[in-house]
Amino acid sequence: MTVDYRHDTEVMIEAKNLTKRYGDHLAVDSLSFSAKKGEIVGLLGPNGAGKTTTMRMLTGFMPPTEGSAKISGHDVVEDSLEARRNVGYLPERVPLYPDMSVRGYVLFWARLRGVPNPKAATDAALARVNLSDRRNQLVRHLSKGLKQRLGLAQALVHNPPVIILDEPTIGIDPQQVIEVRQSVRELGKDHTVLFSTHILSEAEQVCDRVLIINRGKIVAQGKPADLRKKLQPGTLLYVQIGGAKKAQARELLTAIPGVLNVETQGDGFQVKANGDLRGDVSARVLGAGYQLLEIRTVTTSLEDIFLELVKEG
Ligand SMILES: Nc1ncnc2c1ncn2[C@@H]1O[C@H](COP(=O)(O)OP(=O)(O)OP(=O)(O)O)[C@@H](O)[C@H]1O
Ligand SMILES: [Mg+2]
């Protein structure tokens with residue numbers, strides 16, 4: 001007897017110390033994370049970070065060297081058939097058959113996966129990705145963006161609760177990028193989605209939670225907004241002082257308690273502090289008899305933080 005004990009906090013993807021070695025090369029280094037029902041989780045990392053390798057292990061295409069993973073509670077190695085049944089995968093390069101029709105291609109996958117009512121499932125999947133009106137077109141005549149949507153239909157046709165998409169917006173035109181992102185958000189309403197990208201703004205727009213990986217390891221994770229707060233190393237101020245020599249001004253700023261670092265920037269200084277020191281800074285500058293020409297907080301973009309995190313070495 002199977003008991004359906006699903007609820008909103010159910011863990012749908014679970015990776016435990018997932019590791020992949022290619023010879024001596026450690027591509028994925030003891031990755032642990034989980035994704036719950038209804039979450040869109042972004043795997044964000046630069047080229048070679050280990051995104052594709054991670055996804056191939058989660059979808060049962062490649063066994064882990066060490067560690068384990070479960071999809072909807074099914075181990076991807078020990079219970080591989082059931083795990084695969086629960087996941088739809090859009091690989092980095094979708095294998096498409098150019099001489100098949102759009103509908104024929106999705107139907108082929110539906111039958112291969114033993115979907116109970118393959119024709120109805122195919123039509124539903126095509127409708128979901130807005131390809132119904134192209135059903136009779138040959139795959140070879142589709143644009144790159146439409147091929148990507150066809151790949152998505154293939155990933156959805158067996159109606160899996162978990163969808164894994166490997167850089168679905170790479171190499172397609174901006175309008176289609178927007179459409180694919182919308183489809184992913186739409187899918188996220190009733191699926192658990194793991195979505196990889198190397199574009200930070202895309203992860204921010206599409207995902208509820210982001211895992212930043214570099215060299216096979218998670219270097220940061222959280223909701224995009226929280227990540228920004230957590231990773232921002234302090235408050236940055238831009239300060240421009242009049243009536244003082246550069247060295248004097250710098251000395252004065254550096255001496256203020258709470259100031260961590262002072263760097264020249266244009267005609268002024270970028271001041272890193274452990275809090276919002278605008279009040280202290282202006283009082284000191286004016287107290288020393290100088291003029292405060294400009295003072296403002298500078299927000300570090302998540303892009304800067306990301307680049308800092310994935311910097312070489
Ligand atoms: N089949 C393979 N044999 C040997 N090394 C591999 C193989 N596949 C990937 N690698 C290496 O493993 C590391 C992780 O690769 P992976 O493709 O998982 O990264 P990625 O994050 O998907 O990168 P990209 O953004 O370029 O798609 C890289 O250093 C890559 O060169
Ligand atoms: Mg990849």
# chains A, B, ... in the order shown; residues from 1 in each chain; ligands from 1
call {"tool": "residues_around", "arguments": {"residues": "Ser282 (chain A)", "least_positions_apart": "5", "cutoff": "12 Å", "atoms": "only C-alpha atoms", "output": "list in words"}}
result
Leu237, Tyr238, Val239, Gln240, Ile241, Leu252, Leu253, Ile256, Asp276, Leu277, Gly287, Ala288, Gly289, Tyr290, Gln291, Leu292, Leu293, Glu294, Ile295 and Arg296 of chain A
call {"tool": "residues_near_ligand", "arguments": {"ligand": "ligand 2", "cutoff": "12 Å", "atoms": "only C-alpha atoms and all ligand atoms", "output": "PyMOL selection string"}}
result
chain A and resi 27+43-56+90-93+165-168+170+195-198+213+216
call {"tool": "residues_around", "arguments": {"residues": "region 65-82 of chain A", "least_positions_apart": "5", "cutoff": "7 Å", "atoms": "only C-alpha atoms", "output": "mmCIF file with N, CA and C atoms, in the first residue's frame"}}
result
data_model
loop_
_atom_site.group_PDB
_atom_site.id
_atom_site.type_symbol
_atom_site.label_atom_id
_atom_site.label_comp_id
_atom_site.auth_asym_id
_atom_site.auth_seq_id
_atom_site.Cartn_x
_atom_site.Cartn_y
_atom_site.Cartn_z
ATOM 1 N N VAL A 11 10.174 17.451 0.872
ATOM 2 C CA VAL A 11 11.447 17.602 0.172
ATOM 3 C C VAL A 11 11.376 16.809 -1.131
ATOM 4 N N MET A 12 11.552 17.474 -2.252
ATOM 5 C CA MET A 12 11.405 16.830 -3.551
ATOM 6 C C MET A 12 12.752 16.500 -4.188
ATOM 7 N N ILE A 13 13.750 17.325 -3.907
ATOM 8 C CA ILE A 13 15.108 17.033 -4.385
ATOM 9 C C ILE A 13 16.005 17.070 -3.161
ATOM 10 N N GLU A 14 16.782 16.021 -2.992
ATOM 11 C CA GLU A 14 17.690 16.021 -1.863
ATOM 12 C C GLU A 14 19.045 15.470 -2.303
ATOM 13 N N ALA A 15 20.071 16.292 -2.160
ATOM 14 C CA ALA A 15 21.427 15.860 -2.491
ATOM 15 C C ALA A 15 22.227 15.825 -1.196
ATOM 16 N N LYS A 16 22.917 14.700 -0.992
ATOM 17 C CA LYS A 16 23.743 14.564 0.220
ATOM 18 C C LYS A 16 25.170 14.238 -0.172
ATOM 19 N N ASN A 17 26.052 15.169 0.094
ATOM 20 C CA ASN A 17 27.481 14.996 -0.207
ATOM 21 C C ASN A 17 27.727 14.488 -1.623
ATOM 22 N N LEU A 18 26.914 14.966 -2.531
ATOM 23 C CA LEU A 18 27.000 14.544 -3.923
ATOM 24 C C LEU A 18 28.372 14.953 -4.500
ATOM 25 N N THR A 19 29.057 13.952 -5.050
ATOM 26 C CA THR A 19 30.433 14.177 -5.503
ATOM 27 C C THR A 19 30.651 13.516 -6.852
ATOM 28 N N LYS A 20 31.323 14.217 -7.755
ATOM 29 C CA LYS A 20 31.711 13.592 -9.025
ATOM 30 C C LYS A 20 33.153 13.907 -9.359
ATOM 31 N N ARG A 21 33.887 12.870 -9.606
ATOM 32 C CA ARG A 21 35.271 12.996 -10.043
ATOM 33 C C ARG A 21 35.379 12.515 -11.476
ATOM 34 N N LEU A 58 21.523 14.093 -10.691
ATOM 35 C CA LEU A 58 20.166 14.134 -10.131
ATOM 36 C C LEU A 58 19.150 13.458 -11.043
ATOM 37 N N GLY A 60 19.804 10.906 -13.020
ATOM 38 C CA GLY A 60 20.133 9.504 -13.230
ATOM 39 C C GLY A 60 20.923 9.215 -14.492
#
call {"tool": "select_by_dssp", "arguments": {"residues": "region 198-278 of chain A", "states": "helix (DSSP H, G or I)", "output": "list in words"}}
result
Leu200, Ser201, Glu202, Ala203, Glu204, Gln205, Val206, Pro224, Ala225, Asp226, Leu227, Arg228, Lys229, Lys230, Leu231, Lys246, Ala247, Gln248, Ala249, Arg250, Glu251, Leu252, Leu253, Thr254 and Arg278 of chain A
call {"tool": "select_by_dssp", "arguments": {"residues": "region 151-215 of chain A", "states": "strand (DSSP E)", "output": "number ranges by chain"}}
result
A: 162-166, 192-197, 209-214
call {"tool": "residues_around", "arguments": {"residues": "Val180 (chain A)", "least_positions_apart": "3", "cutoff": "8 Å", "atoms": "only C-alpha atoms", "output": "MDAnalysis selection string"}}
result
chainID A and resid 149 168:169 176:177 183:184
call {"tool": "write_last_selection", "arguments": {"atoms": "all heavy atoms", "output": "short mmCIF file (atom, residue, chain, number, x, y, z; two decimals), in the first residue's frame"}}
result
data_model
loop_
_atom_site.label_atom_id
_atom_site.label_comp_id
_atom_site.auth_asym_id
_atom_site.auth_seq_id
_atom_site.Cartn_x
_atom_site.Cartn_y
_atom_site.Cartn_z
N ARG A 149 11.59 25.35 -26.30
CA ARG A 149 10.25 25.09 -25.76
C ARG A 149 9.81 23.66 -26.03
O ARG A 149 9.15 23.05 -25.19
CB ARG A 149 9.25 26.10 -26.34
CG ARG A 149 9.10 27.28 -25.38
CD ARG A 149 8.80 28.56 -26.07
NE ARG A 149 7.52 28.54 -26.74
CZ ARG A 149 7.04 29.57 -27.45
NH1 ARG A 149 7.77 30.67 -27.55
NH2 ARG A 149 5.89 29.49 -28.04
N PRO A 168 18.29 26.92 -19.62
CA PRO A 168 17.30 26.91 -20.70
C PRO A 168 17.27 28.18 -21.55
O PRO A 168 16.69 28.17 -22.63
CB PRO A 168 15.96 26.74 -19.96
CG PRO A 168 16.21 27.24 -18.59
CD PRO A 168 17.64 26.92 -18.29
N THR A 169 17.90 29.24 -21.11
CA THR A 169 17.81 30.48 -21.89
C THR A 169 19.09 30.77 -22.68
O THR A 169 19.20 31.81 -23.32
CB THR A 169 17.53 31.70 -20.98
OG1 THR A 169 18.61 31.85 -20.07
CG2 THR A 169 16.24 31.53 -20.22
N GLN A 176 12.54 35.56 -26.57
CA GLN A 176 12.30 34.18 -26.17
C GLN A 176 12.87 33.89 -24.79
O GLN A 176 12.35 33.05 -24.07
CB GLN A 176 12.84 33.24 -27.23
CG GLN A 176 12.16 33.56 -28.56
CD GLN A 176 12.15 32.42 -29.52
OE1 GLN A 176 13.13 31.71 -29.66
NE2 GLN A 176 11.05 32.24 -30.20
N VAL A 177 13.92 34.62 -24.44
CA VAL A 177 14.46 34.49 -23.08
C VAL A 177 13.36 34.86 -22.09
O VAL A 177 13.09 34.15 -21.12
CB VAL A 177 15.69 35.39 -22.87
CG1 VAL A 177 16.03 35.52 -21.39
CG2 VAL A 177 16.89 34.84 -23.63
N SER A 183 7.71 30.86 -18.60
CA SER A 183 7.30 29.45 -18.52
C SER A 183 7.84 28.82 -17.24
O SER A 183 7.14 28.03 -16.59
CB SER A 183 7.84 28.64 -19.70
OG SER A 183 7.44 29.19 -20.90
N VAL A 184 9.08 29.14 -16.89
CA VAL A 184 9.69 28.54 -15.70
C VAL A 184 8.94 28.99 -14.44
O VAL A 184 8.60 28.18 -13.58
CB VAL A 184 11.19 28.88 -15.60
CG1 VAL A 184 11.76 28.39 -14.29
CG2 VAL A 184 11.95 28.26 -16.77
#
call {"tool": "residues_around", "arguments": {"residues": "region 201-208 of chain A", "least_positions_apart": "2", "cutoff": "6 Å", "atoms": "only C-alpha atoms", "output": "PyMOL selection string"}}
result
chain A and resi 40-42+199+223-224
call {"tool": "write_last_selection", "arguments": {"atoms": "N, CA, C and O atoms", "output": "PDB file, in the first residue's frame"}}
result
ATOM      1  N   ILE A  40      11.298  27.167  -6.694  1.00  0.00           N
ATOM      2  CA  ILE A  40      12.166  27.280  -7.862  1.00  0.00           C
ATOM      3  C   ILE A  40      13.552  27.600  -7.316  1.00  0.00           C
ATOM      4  O   ILE A  40      13.762  28.653  -6.716  1.00  0.00           O
ATOM      5  N   VAL A  41      14.446  26.647  -7.471  1.00  0.00           N
ATOM      6  CA  VAL A  41      15.795  26.835  -6.934  1.00  0.00           C
ATOM      7  C   VAL A  41      16.765  27.053  -8.094  1.00  0.00           C
ATOM      8  O   VAL A  41      16.749  26.310  -9.075  1.00  0.00           O
ATOM      9  N   GLY A  42      17.568  28.069  -7.981  1.00  0.00           N
ATOM     10  CA  GLY A  42      18.537  28.385  -9.021  1.00  0.00           C
ATOM     11  C   GLY A  42      19.905  27.848  -8.667  1.00  0.00           C
ATOM     12  O   GLY A  42      20.361  27.971  -7.535  1.00  0.00           O
ATOM     13  N   ILE A 199      23.788  33.533 -15.265  1.00  0.00           N
ATOM     14  CA  ILE A 199      23.425  34.943 -15.268  1.00  0.00           C
ATOM     15  C   ILE A 199      22.728  35.282 -13.956  1.00  0.00           C
ATOM     16  O   ILE A 199      21.640  34.800 -13.658  1.00  0.00           O
ATOM     17  N   LYS A 223      17.617  33.279  -0.273  1.00  0.00           N
ATOM     18  CA  LYS A 223      16.740  34.038  -1.150  1.00  0.00           C
ATOM     19  C   LYS A 223      17.552  35.180  -1.726  1.00  0.00           C
ATOM     20  O   LYS A 223      18.397  35.738  -1.015  1.00  0.00           O
ATOM     21  N   PRO A 224      17.291  35.570  -2.980  1.00  0.00           N
ATOM     22  CA  PRO A 224      18.092  36.632  -3.579  1.00  0.00           C
ATOM     23  C   PRO A 224      18.224  37.867  -2.681  1.00  0.00           C
ATOM     24  O   PRO A 224      19.331  38.379  -2.490  1.00  0.00           O
TER      25      PRO A 224
END
call {"tool": "closest_residue", "arguments": {"among": "A:Val28, A:Asn159, A:Val139, A:Lys217", "to": "Val310 (chain A)", "atoms": "only C-alpha atoms"}}
result
A:Lys217
call {"tool": "closest_residue", "arguments": {"among": "A:Val259, A:Leu187, A:Ala247, A:Ile218", "to": "ligand 1", "atoms": "only C-alpha atoms and all ligand atoms"}}
result
A:Ile218
call {"tool": "closest_residue", "arguments": {"among": "A:Phe61, A:Ala283, A:Ala220, A:Lys119", "to": "Ala83 (chain A)", "atoms": "only C-alpha atoms"}}
result
A:Phe61
call {"tool": "atom_distance", "arguments": {"atom1": "CA of Val271 (chain A)", "atom2": "CA of Leu236 (chain A)"}}
result
5.6 Å
call {"tool": "residues_around", "arguments": {"residues": "region 104-117 of chain A", "least_positions_apart": "3", "cutoff": "7 Å", "atoms": "only C-alpha atoms", "output": "ChimeraX atom specification"}}
result
/A:100-101,120-122,153-154,157-158
call {"tool": "write_last_selection", "arguments": {"atoms": "N, CA and C atoms", "output": "PDB file, in the first residue's frame"}}
result
ATOM      1  N   MET A 100      11.286  14.660 -37.357  1.00  0.00           N
ATOM      2  CA  MET A 100      10.004  14.400 -36.693  1.00  0.00           C
ATOM      3  C   MET A 100       9.184  15.682 -36.665  1.00  0.00           C
ATOM      4  N   SER A 101       7.876  15.512 -36.531  1.00  0.00           N
ATOM      5  CA  SER A 101       7.043  16.695 -36.321  1.00  0.00           C
ATOM      6  C   SER A 101       7.118  17.046 -34.834  1.00  0.00           C
ATOM      7  N   ALA A 120      -3.132  12.514 -25.314  1.00  0.00           N
ATOM      8  CA  ALA A 120      -3.672  13.610 -24.499  1.00  0.00           C
ATOM      9  C   ALA A 120      -2.542  14.304 -23.736  1.00  0.00           C
ATOM     10  N   ALA A 121      -1.595  13.503 -23.230  1.00  0.00           N
ATOM     11  CA  ALA A 121      -0.478  14.069 -22.472  1.00  0.00           C
ATOM     12  C   ALA A 121       0.381  14.949 -23.374  1.00  0.00           C
ATOM     13  N   THR A 122       0.567  14.498 -24.630  1.00  0.00           N
ATOM     14  CA  THR A 122       1.356  15.267 -25.591  1.00  0.00           C
ATOM     15  C   THR A 122       0.683  16.608 -25.875  1.00  0.00           C
ATOM     16  N   ALA A 153       8.643  20.779 -23.453  1.00  0.00           N
ATOM     17  CA  ALA A 153       7.449  19.928 -23.572  1.00  0.00           C
ATOM     18  C   ALA A 153       7.830  18.465 -23.329  1.00  0.00           C
ATOM     19  N   GLN A 154       8.971  18.053 -23.871  1.00  0.00           N
ATOM     20  CA  GLN A 154       9.483  16.698 -23.682  1.00  0.00           C
ATOM     21  C   GLN A 154       9.722  16.425 -22.191  1.00  0.00           C
ATOM     22  N   VAL A 157       6.101  15.995 -20.389  1.00  0.00           N
ATOM     23  CA  VAL A 157       5.023  15.169 -20.922  1.00  0.00           C
ATOM     24  C   VAL A 157       4.560  14.062 -19.973  1.00  0.00           C
ATOM     25  N   HIS A 158       5.452  13.568 -19.130  1.00  0.00           N
ATOM     26  CA  HIS A 158       5.036  12.531 -18.173  1.00  0.00           C
ATOM     27  C   HIS A 158       4.583  13.145 -16.854  1.00  0.00           C
TER      28      HIS A 158
END
call {"tool": "closest_residue", "arguments": {"among": "A:Lys147, A:Asn214, A:Arg85, A:Ile178", "to": "ligand 1", "atoms": "only C-alpha atoms and all ligand atoms"}}
result
A:Asn214
call {"tool": "decode", "arguments": {"residues": "region 280-309 of chain A", "atoms": "N, CA and C atoms", "output": "mmCIF file, in the first residue's frame"}}
result
data_model
loop_
_atom_site.group_PDB
_atom_site.id
_atom_site.type_symbol
_atom_site.label_atom_id
_atom_site.label_comp_id
_atom_site.auth_asym_id
_atom_site.auth_seq_id
_atom_site.Cartn_x
_atom_site.Cartn_y
_atom_site.Cartn_z
ATOM 1 N N ASP A 280 28.334 60.160 11.702
ATOM 2 C CA ASP A 280 29.681 60.302 12.269
ATOM 3 C C ASP A 280 30.623 60.962 11.277
ATOM 4 N N VAL A 281 30.539 60.499 10.029
ATOM 5 C CA VAL A 281 31.464 61.026 9.020
ATOM 6 C C VAL A 281 31.227 62.520 8.819
ATOM 7 N N SER A 282 29.961 62.909 8.680
ATOM 8 C CA SER A 282 29.732 64.341 8.429
ATOM 9 C C SER A 282 30.151 65.176 9.636
ATOM 10 N N ALA A 283 29.883 64.688 10.865
ATOM 11 C CA ALA A 283 30.279 65.433 12.066
ATOM 12 C C ALA A 283 31.798 65.622 12.115
ATOM 13 N N ARG A 284 32.543 64.556 11.804
ATOM 14 C CA ARG A 284 34.015 64.626 11.847
ATOM 15 C C ARG A 284 34.576 65.592 10.809
ATOM 16 N N VAL A 285 33.999 65.486 9.614
ATOM 17 C CA VAL A 285 34.515 66.319 8.523
ATOM 18 C C VAL A 285 34.280 67.797 8.836
ATOM 19 N N LEU A 286 33.065 68.094 9.256
ATOM 20 C CA LEU A 286 32.740 69.489 9.558
ATOM 21 C C LEU A 286 33.502 69.956 10.802
ATOM 22 N N GLY A 287 33.623 69.051 11.797
ATOM 23 C CA GLY A 287 34.355 69.369 13.034
ATOM 24 C C GLY A 287 35.814 69.713 12.765
ATOM 25 N N ALA A 288 36.383 69.135 11.734
ATOM 26 C CA ALA A 288 37.787 69.390 11.410
ATOM 27 C C ALA A 288 37.935 70.662 10.565
ATOM 28 N N GLY A 289 36.814 71.303 10.276
ATOM 29 C CA GLY A 289 36.872 72.559 9.523
ATOM 30 C C GLY A 289 36.879 72.358 8.008
ATOM 31 N N TYR A 290 36.596 71.144 7.538
ATOM 32 C CA TYR A 290 36.519 70.905 6.099
ATOM 33 C C TYR A 290 35.078 71.023 5.633
ATOM 34 N N GLN A 291 34.900 70.931 4.297
ATOM 35 C CA GLN A 291 33.536 70.960 3.758
ATOM 36 C C GLN A 291 33.128 69.553 3.315
ATOM 37 N N LEU A 292 31.884 69.268 3.541
ATOM 38 C CA LEU A 292 31.357 67.982 3.075
ATOM 39 C C LEU A 292 30.627 68.239 1.759
ATOM 40 N N LEU A 293 31.297 67.915 0.659
ATOM 41 C CA LEU A 293 30.719 68.221 -0.654
ATOM 42 C C LEU A 293 29.685 67.170 -1.074
ATOM 43 N N GLU A 294 29.913 65.953 -0.635
ATOM 44 C CA GLU A 294 28.964 64.897 -0.993
ATOM 45 C C GLU A 294 29.107 63.720 -0.040
ATOM 46 N N ILE A 295 27.977 63.168 0.347
ATOM 47 C CA ILE A 295 28.004 61.909 1.111
ATOM 48 C C ILE A 295 26.772 61.097 0.756
ATOM 49 N N ARG A 296 26.987 59.838 0.399
ATOM 50 C CA ARG A 296 25.842 58.969 0.077
ATOM 51 C C ARG A 296 26.239 57.505 0.250
ATOM 52 N N THR A 297 25.226 56.672 0.488
ATOM 53 C CA THR A 297 25.513 55.238 0.579
ATOM 54 C C THR A 297 25.551 54.654 -0.834
ATOM 55 N N VAL A 298 26.428 53.701 -1.000
ATOM 56 C CA VAL A 298 26.577 53.034 -2.291
ATOM 57 C C VAL A 298 26.088 51.605 -2.097
ATOM 58 N N THR A 299 25.153 51.162 -2.939
ATOM 59 C CA THR A 299 24.720 49.766 -2.794
ATOM 60 C C THR A 299 25.601 48.877 -3.655
ATOM 61 N N THR A 300 26.077 47.821 -3.043
ATOM 62 C CA THR A 300 26.855 46.835 -3.787
ATOM 63 C C THR A 300 25.850 46.004 -4.563
ATOM 64 N N SER A 301 26.063 45.822 -5.824
ATOM 65 C CA SER A 301 25.115 44.996 -6.565
ATOM 66 C C SER A 301 25.420 43.534 -6.268
ATOM 67 N N LEU A 302 24.392 42.725 -6.399
ATOM 68 C CA LEU A 302 24.578 41.302 -6.184
ATOM 69 C C LEU A 302 25.590 40.766 -7.218
ATOM 70 N N GLU A 303 25.597 41.413 -8.358
ATOM 71 C CA GLU A 303 26.557 41.061 -9.411
ATOM 72 C C GLU A 303 28.004 41.173 -8.899
ATOM 73 N N ASP A 304 28.302 42.271 -8.195
ATOM 74 C CA ASP A 304 29.647 42.459 -7.634
ATOM 75 C C ASP A 304 29.975 41.353 -6.635
ATOM 76 N N ILE A 305 28.965 41.045 -5.800
ATOM 77 C CA ILE A 305 29.176 40.030 -4.770
ATOM 78 C C ILE A 305 29.437 38.676 -5.429
ATOM 79 N N PHE A 306 28.626 38.395 -6.442
ATOM 80 C CA PHE A 306 28.766 37.136 -7.172
ATOM 81 C C PHE A 306 30.175 37.023 -7.783
ATOM 82 N N LEU A 307 30.597 38.085 -8.435
ATOM 83 C CA LEU A 307 31.920 38.061 -9.072
ATOM 84 C C LEU A 307 33.016 37.861 -8.030
ATOM 85 N N GLU A 308 32.826 38.481 -6.872
ATOM 86 C CA GLU A 308 33.789 38.340 -5.778
ATOM 87 C C GLU A 308 33.844 36.875 -5.313
ATOM 88 N N LEU A 309 32.658 36.262 -5.208
ATOM 89 C CA LEU A 309 32.572 34.885 -4.712
ATOM 90 C C LEU A 309 33.189 33.870 -5.666
#
